[in-house]
Amino acid sequence: MCGIFGVIIRKKQKYKPKDLRRIVDHLFRLSESRGKEAAGIAFRTMQAIDVLKSPIKGSKFLKTPVYRQLIGGVLNPRNKQDGDSFLATI
């Protein structure tokens, strides 16, 4: 069984990217006990779906430069468009 979770951000919600990043990272670590062989994340915005996955543990995945770059770009309030955003791990 794998560890799957999701976070939905509505267009009118106010959030600090730093706090949301902390929540996602924490949920990733909690789900690691259910999915130890691989980790991944998918972000859906109004423009695209970005998927990143790797055959490593979630705690190592969170430390990769490509994860940090992707999540930093998606959670940046300047990049947020009208419409709902959806964020989920796979």
# chains A, B, ... in the order shown; residues from 1 in each chain; ligands from 1
>>> residues_around(residues="stretch 54-60 of chain A", least_positions_apart="6", cutoff="6 Å", atoms="only C-alpha atoms", output="list in words")
Glu32, Lys36, Ala38 and Ala39 of chain A
>>> write_last_selection(atoms="N, CA and C atoms", output="PDB file, in the first residue's frame")
ATOM      1  N   GLU A  32       5.595   8.417   4.199  1.00  0.00           N
ATOM      2  CA  GLU A  32       6.742   7.579   3.844  1.00  0.00           C
ATOM      3  C   GLU A  32       6.649   6.182   4.442  1.00  0.00           C
ATOM      4  N   LYS A  36       7.661   3.292   0.736  1.00  0.00           N
ATOM      5  CA  LYS A  36       9.102   3.430   0.957  1.00  0.00           C
ATOM      6  C   LYS A  36       9.942   3.271  -0.300  1.00  0.00           C
ATOM      7  N   ALA A  38       9.422   4.483  -3.470  1.00  0.00           N
ATOM      8  CA  ALA A  38       9.476   5.596  -4.425  1.00  0.00           C
ATOM      9  C   ALA A  38       8.681   6.765  -3.878  1.00  0.00           C
ATOM     10  N   ALA A  39       8.925   7.926  -4.456  1.00  0.00           N
ATOM     11  CA  ALA A  39       8.207   9.128  -4.055  1.00  0.00           C
ATOM     12  C   ALA A  39       7.915   9.958  -5.295  1.00  0.00           C
TER      13      ALA A  39
END
>>> select_by_dssp(residues="chain A", states="strand (DSSP E or B)", output="ChimeraX atom specification")
/A:6-9,39-44,49-54,85-89
>>> write_last_selection(atoms="N, CA, C and O atoms", output="mmCIF file, in the first residue's frame")
data_model
loop_
_atom_site.group_PDB
_atom_site.id
_atom_site.type_symbol
_atom_site.label_atom_id
_atom_site.label_comp_id
_atom_site.auth_asym_id
_atom_site.auth_seq_id
_atom_site.Cartn_x
_atom_site.Cartn_y
_atom_site.Cartn_z
ATOM 1 N N GLY A 6 -3.362 14.680 -0.412
ATOM 2 C CA GLY A 6 -3.593 15.804 -1.312
ATOM 3 C C GLY A 6 -3.868 17.074 -0.531
ATOM 4 O O GLY A 6 -4.276 17.031 0.630
ATOM 5 N N VAL A 7 -3.643 18.197 -1.175
ATOM 6 C CA VAL A 7 -3.919 19.514 -0.609
ATOM 7 C C VAL A 7 -4.608 20.323 -1.693
ATOM 8 O O VAL A 7 -4.127 20.355 -2.827
ATOM 9 N N ILE A 8 -5.710 20.953 -1.354
ATOM 10 C CA ILE A 8 -6.416 21.799 -2.316
ATOM 11 C C ILE A 8 -6.322 23.239 -1.839
ATOM 12 O O ILE A 8 -6.590 23.533 -0.676
ATOM 13 N N ILE A 9 -5.952 24.122 -2.746
ATOM 14 C CA ILE A 9 -5.858 25.547 -2.429
ATOM 15 C C ILE A 9 -6.873 26.277 -3.291
ATOM 16 O O ILE A 9 -6.788 26.254 -4.515
ATOM 17 N N ALA A 39 8.925 7.926 -4.456
ATOM 18 C CA ALA A 39 8.207 9.128 -4.055
ATOM 19 C C ALA A 39 7.915 9.958 -5.295
ATOM 20 O O ALA A 39 8.624 9.888 -6.292
ATOM 21 N N GLY A 40 6.876 10.753 -5.211
ATOM 22 C CA GLY A 40 6.549 11.623 -6.331
ATOM 23 C C GLY A 40 5.540 12.664 -5.923
ATOM 24 O O GLY A 40 4.936 12.580 -4.854
ATOM 25 N N ILE A 41 5.386 13.639 -6.779
ATOM 26 C CA ILE A 41 4.429 14.701 -6.498
ATOM 27 C C ILE A 41 3.889 15.236 -7.819
ATOM 28 O O ILE A 41 4.597 15.236 -8.830
ATOM 29 N N ALA A 42 2.628 15.629 -7.803
ATOM 30 C CA ALA A 42 2.007 16.230 -8.988
ATOM 31 C C ALA A 42 1.330 17.525 -8.558
ATOM 32 O O ALA A 42 0.655 17.559 -7.532
ATOM 33 N N PHE A 43 1.542 18.576 -9.314
ATOM 34 C CA PHE A 43 0.912 19.860 -9.065
ATOM 35 C C PHE A 43 -0.002 20.170 -10.242
ATOM 36 O O PHE A 43 0.439 20.118 -11.388
ATOM 37 N N ARG A 44 -1.247 20.514 -9.965
ATOM 38 C CA ARG A 44 -2.151 20.930 -11.027
ATOM 39 C C ARG A 44 -2.517 22.384 -10.814
ATOM 40 O O ARG A 44 -2.998 22.760 -9.755
ATOM 41 N N ILE A 49 -0.124 20.439 -15.540
ATOM 42 C CA ILE A 49 0.120 19.472 -14.469
ATOM 43 C C ILE A 49 1.607 19.139 -14.528
ATOM 44 O O ILE A 49 2.109 18.700 -15.558
ATOM 45 N N ASP A 50 2.297 19.403 -13.437
ATOM 46 C CA ASP A 50 3.718 19.087 -13.340
ATOM 47 C C ASP A 50 3.868 17.841 -12.475
ATOM 48 O O ASP A 50 3.317 17.784 -11.374
ATOM 49 N N VAL A 51 4.588 16.864 -12.963
ATOM 50 C CA VAL A 51 4.794 15.609 -12.241
ATOM 51 C C VAL A 51 6.290 15.379 -12.067
ATOM 52 O O VAL A 51 7.068 15.556 -12.996
ATOM 53 N N LEU A 52 6.650 14.998 -10.868
ATOM 54 C CA LEU A 52 8.039 14.672 -10.555
ATOM 55 C C LEU A 52 8.014 13.403 -9.719
ATOM 56 O O LEU A 52 7.292 13.323 -8.727
ATOM 57 N N LYS A 53 8.774 12.397 -10.109
ATOM 58 C CA LYS A 53 8.831 11.159 -9.333
ATOM 59 C C LYS A 53 10.233 10.570 -9.392
ATOM 60 O O LYS A 53 10.995 10.848 -10.312
ATOM 61 N N SER A 54 10.536 9.773 -8.374
ATOM 62 C CA SER A 54 11.870 9.207 -8.278
ATOM 63 C C SER A 54 11.816 7.916 -7.458
ATOM 64 O O SER A 54 11.004 7.805 -6.535
ATOM 65 N N SER A 85 -6.117 25.764 -7.451
ATOM 66 C CA SER A 85 -4.885 25.017 -7.630
ATOM 67 C C SER A 85 -5.012 23.727 -6.836
ATOM 68 O O SER A 85 -5.638 23.694 -5.783
ATOM 69 N N PHE A 86 -4.435 22.684 -7.319
ATOM 70 C CA PHE A 86 -4.485 21.391 -6.642
ATOM 71 C C PHE A 86 -3.087 20.830 -6.552
ATOM 72 O O PHE A 86 -2.325 20.916 -7.498
ATOM 73 N N LEU A 87 -2.781 20.271 -5.428
ATOM 74 C CA LEU A 87 -1.453 19.724 -5.186
ATOM 75 C C LEU A 87 -1.617 18.357 -4.537
ATOM 76 O O LEU A 87 -2.334 18.233 -3.574
ATOM 77 N N ALA A 88 -0.980 17.340 -5.083
ATOM 78 C CA ALA A 88 -1.104 16.007 -4.496
ATOM 79 C C ALA A 88 0.155 15.199 -4.754
ATOM 80 O O ALA A 88 0.774 15.358 -5.779
ATOM 81 N N THR A 89 0.475 14.316 -3.817
ATOM 82 C CA THR A 89 1.590 13.406 -4.072
ATOM 83 C C THR A 89 1.058 12.172 -4.772
ATOM 84 O O THR A 89 -0.100 11.821 -4.646
#
>>> select_by_dssp(residues="stretch 42-77 of chain A", states="helix (DSSP H, G or I)", output="list in words")
Gly58, Ser59, Lys60, Phe61, Pro65, Val66, Tyr67, Arg68, Gln69, Leu70, Ile71, Gly72, Gly73, Val74, Leu75 and Pro77 of chain A
>>> write_last_selection(atoms="N, CA and C atoms", output="PDB file, in the first residue's frame")
ATOM      1  N   GLY A  58      10.801   9.164   0.396  1.00  0.00           N
ATOM      2  CA  GLY A  58      10.265  10.514   0.434  1.00  0.00           C
ATOM      3  C   GLY A  58      11.165  11.511   1.133  1.00  0.00           C
ATOM      4  N   SER A  59      11.797  11.122   2.236  1.00  0.00           N
ATOM      5  CA  SER A  59      12.666  12.047   2.964  1.00  0.00           C
ATOM      6  C   SER A  59      13.871  12.471   2.123  1.00  0.00           C
ATOM      7  N   LYS A  60      14.385  11.574   1.298  1.00  0.00           N
ATOM      8  CA  LYS A  60      15.483  11.937   0.388  1.00  0.00           C
ATOM      9  C   LYS A  60      14.958  12.767  -0.789  1.00  0.00           C
ATOM     10  N   PHE A  61      13.771  12.431  -1.252  1.00  0.00           N
ATOM     11  CA  PHE A  61      13.127  13.144  -2.355  1.00  0.00           C
ATOM     12  C   PHE A  61      12.955  14.630  -2.020  1.00  0.00           C
ATOM     13  N   PRO A  65      17.307  18.965  -5.323  1.00  0.00           N
ATOM     14  CA  PRO A  65      17.191  20.314  -5.892  1.00  0.00           C
ATOM     15  C   PRO A  65      16.003  20.457  -6.844  1.00  0.00           C
ATOM     16  N   VAL A  66      15.698  19.409  -7.591  1.00  0.00           N
ATOM     17  CA  VAL A  66      14.601  19.507  -8.552  1.00  0.00           C
ATOM     18  C   VAL A  66      13.252  19.617  -7.825  1.00  0.00           C
ATOM     19  N   TYR A  67      13.071  18.926  -6.697  1.00  0.00           N
ATOM     20  CA  TYR A  67      11.854  19.059  -5.902  1.00  0.00           C
ATOM     21  C   TYR A  67      11.747  20.477  -5.346  1.00  0.00           C
ATOM     22  N   ARG A  68      12.826  20.975  -4.785  1.00  0.00           N
ATOM     23  CA  ARG A  68      12.818  22.320  -4.210  1.00  0.00           C
ATOM     24  C   ARG A  68      12.495  23.374  -5.259  1.00  0.00           C
ATOM     25  N   GLN A  69      13.047  23.207  -6.443  1.00  0.00           N
ATOM     26  CA  GLN A  69      12.785  24.166  -7.524  1.00  0.00           C
ATOM     27  C   GLN A  69      11.325  24.096  -7.969  1.00  0.00           C
ATOM     28  N   LEU A  70      10.798  22.881  -8.137  1.00  0.00           N
ATOM     29  CA  LEU A  70       9.415  22.728  -8.582  1.00  0.00           C
ATOM     30  C   LEU A  70       8.436  23.270  -7.557  1.00  0.00           C
ATOM     31  N   ILE A  71       8.573  22.872  -6.312  1.00  0.00           N
ATOM     32  CA  ILE A  71       7.618  23.321  -5.297  1.00  0.00           C
ATOM     33  C   ILE A  71       7.753  24.818  -5.039  1.00  0.00           C
ATOM     34  N   GLY A  72       8.960  25.332  -5.109  1.00  0.00           N
ATOM     35  CA  GLY A  72       9.148  26.771  -4.942  1.00  0.00           C
ATOM     36  C   GLY A  72       8.461  27.563  -6.032  1.00  0.00           C
ATOM     37  N   GLY A  73       8.521  27.082  -7.257  1.00  0.00           N
ATOM     38  CA  GLY A  73       7.868  27.765  -8.367  1.00  0.00           C
ATOM     39  C   GLY A  73       6.361  27.689  -8.306  1.00  0.00           C
ATOM     40  N   VAL A  74       5.828  26.532  -7.943  1.00  0.00           N
ATOM     41  CA  VAL A  74       4.379  26.355  -7.887  1.00  0.00           C
ATOM     42  C   VAL A  74       3.770  27.131  -6.722  1.00  0.00           C
ATOM     43  N   LEU A  75       4.449  27.162  -5.586  1.00  0.00           N
ATOM     44  CA  LEU A  75       3.889  27.831  -4.412  1.00  0.00           C
ATOM     45  C   LEU A  75       4.152  29.329  -4.388  1.00  0.00           C
ATOM     46  N   PRO A  77       3.478  32.923  -4.785  1.00  0.00           N
ATOM     47  CA  PRO A  77       2.217  33.631  -5.004  1.00  0.00           C
ATOM     48  C   PRO A  77       2.194  34.421  -6.313  1.00  0.00           C
TER      49      PRO A  77
END
